[in-house]
Amino acid sequence: MALGGWSKRTLRAADPLKAAAVLANSAAKLDVPLPTLGGKQFWTDHLLFHGWRIQKNALTSECRLLDDRDWTHASGTFAECQDKLEATKRDLKLPPMKGRVVLLLHGLFRSRSSMESLGNYLDNHAHVDSLAMSYASTQAEVGAQAQALASILAHLDGVEEINFVAHSLGNLVIRHYLHDATDPQTGRQGDPRIKRFVMLGPPNHGAEIAKFLAENKAYELVTGGAGQQLGKAWSDFEKKLATPHCEFGIIAGGRGQSKGYNPLLPSDNDLVVTVESTRLIGARDFLLLPVAHSFLMFDARARAATLSFLEHGYFVADAKRQPIVAADKPAR
């Protein structure tokens with residue numbers, strides 16, 4: 001019996017993770033909602049609608065439709081999953097999306113769950129709908145994730161305003177999308193609905209820890225193409241990153257001293273990224289907090305500052321903004 005176009009012999013010879021993905025998707029073709037079987041690092045969102053999402057598997061390219069409980073309702077091609085979603089909208093009388101949306105993007109090794117609590121905070125304190133995008137950060141280069149983001153934006157029908165909040169690598173996915181969507185000859189600069197963008201611990205000039213581990217084979221194996229782009233492939237990769245045309249602010253982690261949390265890095269840092277590397281000319285505001293890299297999105301001060309920037313365009317107060325207009329010393 002063939003499953004998803006794969007024979008049993010092929011499945012036995014294939015990578016076990018790929019085989020598991022095929023088996024799960026084939027079961028979903030029975031049109032019976034089924035819980036997902038993990039493997040978040042192998043799926044990337046290509047369409048978001050309230051709590052529903054269409055994902056593509058980084059190994060098999062097969063798509064699946066998930067509800068807000070992460071149960072699978074359909075699998076196959078993107079078009080087949082989209083047809084199922086449209087039918088579900090009609091059957092359940094789901095309201096269209098509208099108004100303001102905040103898209104949240106996680107960092108390397110993480111999943112959308114790492115951004116969900118921040119999204120809930122924004123939902124409760126601002127007139128926005130938050131959508132957390134999940135992408136296979138270790139299974140593809142950043143350009144592929146940027147294409148998936150472009151697909152998500154293209155399918156946000158009815159939404160009037162789009163804002164971004166991203167952690168670590170997620171910031172570079174957005175900057176790559178903006179590069180791909182920009183055409184200097186025509187003046188095109190990406191989706192015109194994009195208004196504001198908050199960067200949490202962004203490696204805007206590469207991640208020093210990735211450069212430090214650049215020749216480590218274990219690091220290369222675990223982090224994949226994205227890890228190399230942050231490290232030894234940075235010089236070529238950086239050319240594909242645009243400076244946002246919208247208002248953007250940066251929240252960096254660090255100790256506010258000459259040395260940061262990680263003694264292996266050359267200056268103040270959040271364990272992974274130096275404060276200097278987060279800085280990007282053009283930022284409307286900059287904020288340094290004594291928080292380690294992986295905890296920025298959970299910190300109460302960072303959350304309040306993120307909300308303030310999305311609502312007003314500053315982290316603390318307009319008179320206290322610290323715009324980055326030149327490559328000067330980081331503010332403390």
# chains A, B, ... in the order shown; residues from 1 in each chain; ligands from 1
$ select_by_dssp --residues "region 99-187 of chain A" --states "alpha helix (DSSP H)" --output "ChimeraX atom specification"
/A:113-125,142-154,169-180
$ residues_around --residues "Glu208 (chain A)" --least-positions-apart "4" --cutoff "10 Å" --atoms "only C-alpha atoms" --output "PDB file with all heavy atoms, in the first residue's frame"
ATOM      1  N   PRO A 203      20.220  39.872  15.900  1.00  0.00           N
ATOM      2  CA  PRO A 203      21.616  39.817  15.452  1.00  0.00           C
ATOM      3  C   PRO A 203      21.779  40.584  14.147  1.00  0.00           C
ATOM      4  O   PRO A 203      22.103  40.022  13.097  1.00  0.00           O
ATOM      5  CB  PRO A 203      21.854  38.315  15.271  1.00  0.00           C
ATOM      6  CG  PRO A 203      20.511  37.775  14.891  1.00  0.00           C
ATOM      7  CD  PRO A 203      19.496  38.620  15.620  1.00  0.00           C
ATOM      8  N   PHE A 212      31.883  32.326  16.391  1.00  0.00           N
ATOM      9  CA  PHE A 212      32.818  31.610  17.257  1.00  0.00           C
ATOM     10  C   PHE A 212      32.761  30.103  17.002  1.00  0.00           C
ATOM     11  O   PHE A 212      33.770  29.402  17.047  1.00  0.00           O
ATOM     12  CB  PHE A 212      32.477  31.920  18.717  1.00  0.00           C
ATOM     13  CG  PHE A 212      33.373  31.270  19.720  1.00  0.00           C
ATOM     14  CD1 PHE A 212      34.634  31.792  20.002  1.00  0.00           C
ATOM     15  CD2 PHE A 212      32.973  30.126  20.396  1.00  0.00           C
ATOM     16  CE1 PHE A 212      35.460  31.181  20.930  1.00  0.00           C
ATOM     17  CE2 PHE A 212      33.791  29.520  21.330  1.00  0.00           C
ATOM     18  CZ  PHE A 212      35.050  30.054  21.594  1.00  0.00           C
ATOM     19  N   LEU A 213      31.558  29.613  16.693  1.00  0.00           N
ATOM     20  CA  LEU A 213      31.356  28.176  16.472  1.00  0.00           C
ATOM     21  C   LEU A 213      31.321  27.809  14.990  1.00  0.00           C
ATOM     22  O   LEU A 213      30.942  26.689  14.649  1.00  0.00           O
ATOM     23  CB  LEU A 213      30.044  27.731  17.133  1.00  0.00           C
ATOM     24  CG  LEU A 213      29.956  27.892  18.652  1.00  0.00           C
ATOM     25  CD1 LEU A 213      28.533  27.618  19.126  1.00  0.00           C
ATOM     26  CD2 LEU A 213      30.929  26.950  19.343  1.00  0.00           C
ATOM     27  N   ALA A 214      31.737  28.718  14.145  1.00  0.00           N
ATOM     28  CA  ALA A 214      31.576  28.548  12.693  1.00  0.00           C
ATOM     29  C   ALA A 214      32.171  27.256  12.171  1.00  0.00           C
ATOM     30  O   ALA A 214      31.611  26.617  11.272  1.00  0.00           O
ATOM     31  CB  ALA A 214      32.177  29.741  11.962  1.00  0.00           C
ATOM     32  N   LEU A 230      24.319  33.012   9.967  1.00  0.00           N
ATOM     33  CA  LEU A 230      24.609  33.877  11.111  1.00  0.00           C
ATOM     34  C   LEU A 230      26.099  33.952  11.401  1.00  0.00           C
ATOM     35  O   LEU A 230      26.558  34.893  12.055  1.00  0.00           O
ATOM     36  CB  LEU A 230      23.883  33.361  12.358  1.00  0.00           C
ATOM     37  CG  LEU A 230      22.375  33.587  12.422  1.00  0.00           C
ATOM     38  CD1 LEU A 230      21.788  32.841  13.601  1.00  0.00           C
ATOM     39  CD2 LEU A 230      22.074  35.077  12.532  1.00  0.00           C
ATOM     40  N   GLY A 231      26.849  32.946  10.929  1.00  0.00           N
ATOM     41  CA  GLY A 231      28.263  32.862  11.237  1.00  0.00           C
ATOM     42  C   GLY A 231      29.162  33.112  10.055  1.00  0.00           C
ATOM     43  O   GLY A 231      29.295  34.240   9.567  1.00  0.00           O
ATOM     44  N   LEU A 264      32.906  34.797  26.686  1.00  0.00           N
ATOM     45  CA  LEU A 264      33.550  34.444  25.423  1.00  0.00           C
ATOM     46  C   LEU A 264      33.356  35.514  24.355  1.00  0.00           C
ATOM     47  O   LEU A 264      34.073  35.529  23.357  1.00  0.00           O
ATOM     48  CB  LEU A 264      33.002  33.105  24.904  1.00  0.00           C
ATOM     49  CG  LEU A 264      33.261  31.870  25.768  1.00  0.00           C
ATOM     50  CD1 LEU A 264      32.584  30.650  25.168  1.00  0.00           C
ATOM     51  CD2 LEU A 264      34.758  31.632  25.935  1.00  0.00           C
ATOM     52  N   LEU A 265      32.393  36.392  24.561  1.00  0.00           N
ATOM     53  CA  LEU A 265      32.113  37.439  23.590  1.00  0.00           C
ATOM     54  C   LEU A 265      32.865  38.715  23.966  1.00  0.00           C
ATOM     55  O   LEU A 265      33.114  38.973  25.143  1.00  0.00           O
ATOM     56  CB  LEU A 265      30.608  37.696  23.500  1.00  0.00           C
ATOM     57  CG  LEU A 265      29.765  36.479  23.080  1.00  0.00           C
ATOM     58  CD1 LEU A 265      28.307  36.872  22.921  1.00  0.00           C
ATOM     59  CD2 LEU A 265      30.289  35.850  21.801  1.00  0.00           C
ATOM     60  N   PRO A 266      33.211  39.534  22.978  1.00  0.00           N
ATOM     61  CA  PRO A 266      34.168  40.609  23.204  1.00  0.00           C
ATOM     62  C   PRO A 266      33.654  41.841  23.944  1.00  0.00           C
ATOM     63  O   PRO A 266      34.444  42.654  24.402  1.00  0.00           O
ATOM     64  CB  PRO A 266      34.587  40.992  21.778  1.00  0.00           C
ATOM     65  CG  PRO A 266      33.399  40.642  20.937  1.00  0.00           C
ATOM     66  CD  PRO A 266      32.847  39.402  21.560  1.00  0.00           C
ATOM     67  N   ASN A 269      26.918  41.877  26.192  1.00  0.00           N
ATOM     68  CA  ASN A 269      26.124  40.926  25.420  1.00  0.00           C
ATOM     69  C   ASN A 269      25.036  40.301  26.266  1.00  0.00           C
ATOM     70  O   ASN A 269      25.005  40.451  27.496  1.00  0.00           O
ATOM     71  CB  ASN A 269      27.033  39.837  24.848  1.00  0.00           C
ATOM     72  CG  ASN A 269      27.685  39.007  25.935  1.00  0.00           C
ATOM     73  OD1 ASN A 269      27.089  38.089  26.490  1.00  0.00           O
ATOM     74  ND2 ASN A 269      28.942  39.340  26.270  1.00  0.00           N
ATOM     75  N   LEU A 271      24.466  36.916  26.231  1.00  0.00           N
ATOM     76  CA  LEU A 271      24.901  35.520  26.161  1.00  0.00           C
ATOM     77  C   LEU A 271      25.108  35.061  24.722  1.00  0.00           C
ATOM     78  O   LEU A 271      25.955  34.216  24.448  1.00  0.00           O
ATOM     79  CB  LEU A 271      23.930  34.542  26.849  1.00  0.00           C
ATOM     80  CG  LEU A 271      23.943  34.488  28.367  1.00  0.00           C
ATOM     81  CD1 LEU A 271      22.854  33.536  28.863  1.00  0.00           C
ATOM     82  CD2 LEU A 271      25.302  34.040  28.891  1.00  0.00           C
ATOM     83  N   VAL A 272      24.319  35.597  23.781  1.00  0.00           N
ATOM     84  CA  VAL A 272      24.364  35.147  22.391  1.00  0.00           C
ATOM     85  C   VAL A 272      24.760  36.266  21.436  1.00  0.00           C
ATOM     86  O   VAL A 272      25.582  36.064  20.541  1.00  0.00           O
ATOM     87  CB  VAL A 272      23.001  34.561  21.969  1.00  0.00           C
ATOM     88  CG1 VAL A 272      23.010  34.148  20.503  1.00  0.00           C
ATOM     89  CG2 VAL A 272      22.640  33.368  22.847  1.00  0.00           C
ATOM     90  N   VAL A 273      24.183  37.437  21.611  1.00  0.00           N
ATOM     91  CA  VAL A 273      24.377  38.563  20.696  1.00  0.00           C
ATOM     92  C   VAL A 273      24.947  39.752  21.477  1.00  0.00           C
ATOM     93  O   VAL A 273      24.468  40.066  22.571  1.00  0.00           O
ATOM     94  CB  VAL A 273      23.049  38.969  20.031  1.00  0.00           C
ATOM     95  CG1 VAL A 273      23.250  40.141  19.079  1.00  0.00           C
ATOM     96  CG2 VAL A 273      22.438  37.785  19.296  1.00  0.00           C
ATOM     97  N   THR A 274      25.956  40.420  20.937  1.00  0.00           N
ATOM     98  CA  THR A 274      26.475  41.617  21.590  1.00  0.00           C
ATOM     99  C   THR A 274      25.507  42.779  21.388  1.00  0.00           C
ATOM    100  O   THR A 274      24.731  42.808  20.428  1.00  0.00           O
ATOM    101  CB  THR A 274      27.855  42.023  21.033  1.00  0.00           C
ATOM    102  OG1 THR A 274      27.724  42.371  19.655  1.00  0.00           O
ATOM    103  CG2 THR A 274      28.864  40.895  21.184  1.00  0.00           C
ATOM    104  N   SER A 277      25.943  44.483  18.105  1.00  0.00           N
ATOM    105  CA  SER A 277      25.405  43.775  16.941  1.00  0.00           C
ATOM    106  C   SER A 277      23.903  43.984  16.786  1.00  0.00           C
ATOM    107  O   SER A 277      23.368  43.833  15.690  1.00  0.00           O
ATOM    108  CB  SER A 277      25.713  42.278  17.036  1.00  0.00           C
ATOM    109  OG  SER A 277      25.333  41.611  15.858  1.00  0.00           O
TER     110      SER A 277
END
$ atom_distance --atom1 "CA of Leu47 (chain A)" --atom2 "CA of Asp68 (chain A)"
13.2 Å
$ residues_around --residues "Leu108 (chain A)" --least-positions-apart "2" --cutoff "6 Å" --atoms "only C-alpha atoms" --output "list in words"
Arg110, Ser137 and Leu169 of chain A
$ write_last_selection --atoms "all heavy atoms" --output "CSV table (one decimal), in the first residue's frame"
chain,number,residue,atom,x,y,z
A,110,ARG,N,13.6,27.6,18.3
A,110,ARG,CA,12.4,27.8,19.0
A,110,ARG,C,11.2,27.5,18.1
A,110,ARG,O,11.3,27.2,16.9
A,110,ARG,CB,12.3,29.2,19.6
A,110,ARG,CG,13.5,29.7,20.4
A,110,ARG,CD,13.8,28.9,21.6
A,110,ARG,NE,12.9,29.1,22.7
A,110,ARG,CZ,13.1,30.0,23.7
A,110,ARG,NH1,14.2,30.7,23.7
A,110,ARG,NH2,12.2,30.1,24.6
A,137,SER,N,13.3,26.5,11.6
A,137,SER,CA,14.5,27.4,11.6
A,137,SER,C,15.8,26.7,11.4
A,137,SER,O,16.7,27.2,10.9
A,137,SER,CB,14.6,28.1,13.0
A,137,SER,OG,14.7,27.2,14.1
A,169,LEU,N,16.6,35.4,15.5
A,169,LEU,CA,16.7,35.1,14.0
A,169,LEU,C,15.4,35.6,13.3
A,169,LEU,O,15.4,35.9,12.1
A,169,LEU,CB,16.9,33.6,13.8
A,169,LEU,CG,16.9,33.1,12.4
A,169,LEU,CD1,18.2,33.7,11.7
A,169,LEU,CD2,16.9,31.6,12.3
$ select_by_dssp --residues "region 50-178 of chain A" --states "strand (DSSP E or B)" --output "NGL selection string"
:A and (52-57 or 63-66 or 71-76 or 99-105 or 129-133 or 159-167)
$ closest_residue --among "A:Leu288, A:Ala300, A:Ala150, A:Val198" --to "Pro244 (chain A)" --atoms "only C-alpha atoms"
A:Val198
$ atom_distance --atom1 "CA of Lys232 (chain A)" --atom2 "CA of Asn57 (chain A)"
26.9 Å
$ residues_around --residues "Gln82 (chain A)" --least-positions-apart "5" --cutoff "9 Å" --atoms "only C-alpha atoms" --output "mmCIF file with N, CA, C and O atoms, in the first residue's frame"
data_model
loop_
_atom_site.group_PDB
_atom_site.id
_atom_site.type_symbol
_atom_site.label_atom_id
_atom_site.label_comp_id
_atom_site.auth_asym_id
_atom_site.auth_seq_id
_atom_site.Cartn_x
_atom_site.Cartn_y
_atom_site.Cartn_z
ATOM 1 N N LEU A 47 0.187 30.147 5.830
ATOM 2 C CA LEU A 47 -1.069 30.891 5.885
ATOM 3 C C LEU A 47 -1.570 30.871 7.317
ATOM 4 O O LEU A 47 -1.565 29.807 7.960
ATOM 5 N N ILE A 54 -1.997 26.910 7.776
ATOM 6 C CA ILE A 54 -1.558 25.920 6.795
ATOM 7 C C ILE A 54 -0.038 25.895 6.837
ATOM 8 O O ILE A 54 0.614 26.926 6.683
ATOM 9 N N LEU A 65 -3.377 21.334 7.333
ATOM 10 C CA LEU A 65 -4.210 22.377 7.922
ATOM 11 C C LEU A 65 -4.414 22.055 9.393
ATOM 12 O O LEU A 65 -4.919 20.978 9.728
ATOM 13 N N THR A 77 -1.693 19.112 -0.858
ATOM 14 C CA THR A 77 -1.117 20.318 -1.432
ATOM 15 C C THR A 77 -1.621 21.545 -0.677
ATOM 16 O O THR A 77 -2.598 21.477 0.081
ATOM 17 N N ALA A 87 -13.895 25.807 3.260
ATOM 18 C CA ALA A 87 -15.101 25.063 3.619
ATOM 19 C C ALA A 87 -15.362 25.153 5.119
ATOM 20 O O ALA A 87 -16.521 25.284 5.558
#
